[in-house]
Structures are given as C-alpha cells and as structure tokens.
Amino acid sequence: MTGNSLLKQTLGAVIALALILLLVGQLLGQPILLGYVATGSMEPTMNAGDGFVAIPSVLTGSVDEGDVVVFQARELHGGGLTTHRVVGETDEGYVTKGDANPFTDQDGAEPHVTDGQIVAEAWQVNGEVVTIPHLGSAIMGVQSTAESASGTIAPVLGLTTSADSEGLGALLVAAGVALLGFGTLLDRLGPGRRETTRTRSRQNVIAFWTALGLVLLMFVTFATAAMVVPSGTTEYGLVSTETPEDDPQILAPGETGELTRTIENAGYLPIVVVHEAESRNVATDPSTQTIGIRSSGETTVQLTAPETTGEYTRHVGEYRYLTVLPPSVLVWLHGLHPLAAIAAVNGVIVGVAVAVVLVLFGHNDLRMRSGGSHVSLSTRLERKFRK
C-alpha cells in the first residue's frame, strides 16, 4: 500500500467517522465528540452550519464564565439542545447568551441553566472556539435527505414512527443491515476473482492475541455499558410558594422537603452507587451505597425551596460502578474523576479475563477448519444438510 492510498483511506475513515458521530449524536439527542450550530445566534464565534469539538460534561469539570456550553433547554428551540456562552452565574444556575443576541436567554422565558442540563462544552484554545466550517451544513443535508427518503420508504415498509425520531434511526439501522446482507451475498455468490498476489500469512489461523483482544473488547463494552447506561441525571420540579401543600415538592420559602429514590440493580454483580447534587440546595442521604446482586436500595433526596417564590428545577446525578474493587476505593476514584473509576473497573476485568484465558487455554494461535474458498456456498450448505 502506497503512502497516497493510505492517506486517502485514513482521510475517508476520518470523514466517515465524523458523519457517523454527528448522525448518532442527533439520533441520541446528545453530541458525541462533534456538534454543530444550526442558527446564527453564536456569530461571529460560530456561523450557522459550523461544527465544533464537543467535550462531554463528564470530562470538562466545573463550568466557568466565558465557556460555550451545550445544554438541554426548556423553552429555547422547543426544548432542544442549545449552544450558547455562559455570561454569568447566580444562586439558581448559569446565565447564558448567544454571542449575536442582544439579551440573555434568562431575559426571555428560559430558566437558569443548571449543571444537570449541560451535556457538553465546546473546545476552546486561548479563549477561541475551535470550529469546523460547514460541517454542520453537511450533516444537516445528509439528515434532510435521510428524512425525505424515510418519508418515502417508510409507508412502503409499514413503518409508522416519525421520521425525525426513532423511526429514522430504525430505518437507518435497517438500511445498514440490508446493505451488509446484500454485500455479503454478492461477495459469496458473485463471480469469483482470481487472486494475483501472494501472501505469507497462514490461512484459517487466528492469532491468539487478536482473538483475545476481541473477547476483551466485548467484555469491556458490556461492563462499561452496565455502568454508564443506567447512570444519568434525574430532574425534580420544585415550587416555592406562600401557600405550600402536603407535597415535598411544593414548599414554603426556605422549607426542605424529602423524596425517596429507589435504585435497582438487575445485574449479577454488586454495584456501588454515588449520588451527586447537580443543583444548589439539594442533598442526598446516603450519598454512596452498595447494592447487592439483583437487589435494590433507597436514598433520600432533600430539596430546599429558595427564598424567592417561583418554579424551579433541581438535578441529582447517579453514577454506578461494578464492585470489582473495594467500595471505598471506587468512591475515592470517583472523587478524582468518574472516568478514573470506570477505567479501574475495566482494568480489573481485563486483568482477570487475561489470567483465566492464559491458565485454561495457553497462548497458542487458533486454527479454524474451512471448506476452502473454491467451494461454493450452495455446495457447503448441501453438505451440511447431508450430515
């Protein structure tokens, strides 16, 4: 492979990965490494259709004035994701504003933004957002084409979900599976191609470390999913009023109400759960707990009403870790950073898996028997049926 061909393949892979990340981020409602702005509210920092590197909030730490954040709005854009700059902070949360707007979001109908609403932060170098011109325009064109196609094809396939939500995602997955199937059939049943190059690699032999790497990748993927997917932020509504009710979320100014939160562990390993207040005047008791196999636990969430009457929102974050290390160690690692705890858990899982495989199977390469590429698929199936 020449240097030019390698460069072209690498560039193509990077572009494909960028498009996939943007599409998946739109389907999930959260930017994944890359985001874009659809309007001119952030001009001249970012023009409509520009892309940017979106760093997940779990990696960014505390939010400072001047940061450009991606948050789940309540009123702006119908409650969708919004990318604006933090221009201030109050007891109720952050004050945000588009660089091109003459007033803040909170001067309008948008409540103060809390930590629980922030999903990512735009990467800045020397105070300037790193942008990718026209990347958003490209993905919006792809998305528009996909939605138009789904609107045409979905009725034929009997799909009734909307094209801009799960229906579009299902259609994209179905199209991918169909293309993979057609490609496999063409490769298997199409005309044979004569090989013109020779190879030194051994046929039907899988390198041991390659096979082990695939197995470990599967273990790490499932373990990470078991910790990350159930985790997240829970939102609680709170009303501060002079006429409180017998409801822990409708309180007099300065009064504290208590809610009981139930945590389920449906897995076959104990978990350590860390509860974190992501809004002011919120507390949890206990803040950490260990829940056994296929068991449940409870924690108390305390909400304190502000002195000023009105409607507010409060957020509580939940972080889960498989108990393959002592709970106190996992809590300490979480205090450093949630990713440190996840990495430590995956490290233990990888170490144990490698040790078990080496003890049971050694480290020899795996040889797979094959009927040969010259044998057609129909002949192989016929032989199987005869057996």
# chains A, B, ... in the order shown; residues from 1 in each chain; ligands from 1
$ residues_around --residues "A:Arg74" --least-positions-apart "4" --cutoff "10 Å" --atoms "only C-alpha atoms" --output "list in words"
Gly78, Gly79, Gly80, Leu81, Thr82, Ala109, Glu110, Pro111, His112, Val113 and Gln117 of chain A
$ residues_around --residues "stretch 257-268 of chain A" --least-positions-apart "6" --cutoff "12 Å" --atoms "only C-alpha atoms" --output "ChimeraX atom specification"
/A:222-223,225-227,230-231,234-240,244-251,274-275,281-306,316-324
$ atom_distance --atom1 "atom CA of A:Ala100" --atom2 "atom CA of A:Thr83"
12.2 Å
$ residues_around --residues "stretch 34-48 of chain A" --least-positions-apart "4" --cutoff "6 Å" --atoms "only C-alpha atoms" --output "PDB file with N, CA and C atoms, in the first residue's frame"
ATOM      1  N   PHE A  52     -18.121  21.950  15.680  1.00  0.00           N
ATOM      2  CA  PHE A  52     -17.145  22.180  16.736  1.00  0.00           C
ATOM      3  C   PHE A  52     -16.918  20.883  17.494  1.00  0.00           C
ATOM      4  N   VAL A  53     -15.811  20.830  18.219  1.00  0.00           N
ATOM      5  CA  VAL A  53     -15.491  19.666  19.041  1.00  0.00           C
ATOM      6  C   VAL A  53     -16.244  19.792  20.359  1.00  0.00           C
ATOM      7  N   ALA A  54     -17.104  18.801  20.650  1.00  0.00           N
ATOM      8  CA  ALA A  54     -17.927  18.839  21.860  1.00  0.00           C
ATOM      9  C   ALA A  54     -17.334  17.891  22.902  1.00  0.00           C
ATOM     10  N   GLY A  98     -26.441  33.857  23.513  1.00  0.00           N
ATOM     11  CA  GLY A  98     -25.806  33.739  22.217  1.00  0.00           C
ATOM     12  C   GLY A  98     -24.995  34.977  21.934  1.00  0.00           C
ATOM     13  N   ASP A  99     -23.801  34.830  21.393  1.00  0.00           N
ATOM     14  CA  ASP A  99     -22.923  35.989  21.164  1.00  0.00           C
ATOM     15  C   ASP A  99     -23.582  37.049  20.288  1.00  0.00           C
ATOM     16  N   ALA A 100     -24.471  36.624  19.384  1.00  0.00           N
ATOM     17  CA  ALA A 100     -25.120  37.576  18.476  1.00  0.00           C
ATOM     18  C   ALA A 100     -26.417  38.137  19.044  1.00  0.00           C
ATOM     19  N   GLY A 136     -21.556  21.269   9.997  1.00  0.00           N
ATOM     20  CA  GLY A 136     -22.973  21.142  10.341  1.00  0.00           C
ATOM     21  C   GLY A 136     -23.869  21.212   9.122  1.00  0.00           C
TER      22      GLY A 136
END
$ closest_residue --among "A:His315, A:Val215, A:Gly51, A:Ala120" --to "A:Ile132" --atoms "only C-alpha atoms"
A:Gly51
$ atom_distance --atom1 "atom CA of A:Glu92" --atom2 "atom CA of A:Thr313"
9.0 Å
$ residues_around --residues "A:Ala353" --least-positions-apart "3" --cutoff "12 Å" --atoms "only C-alpha atoms" --output "PyMOL selection string"
chain A and resi 212-220+346-350+356-361
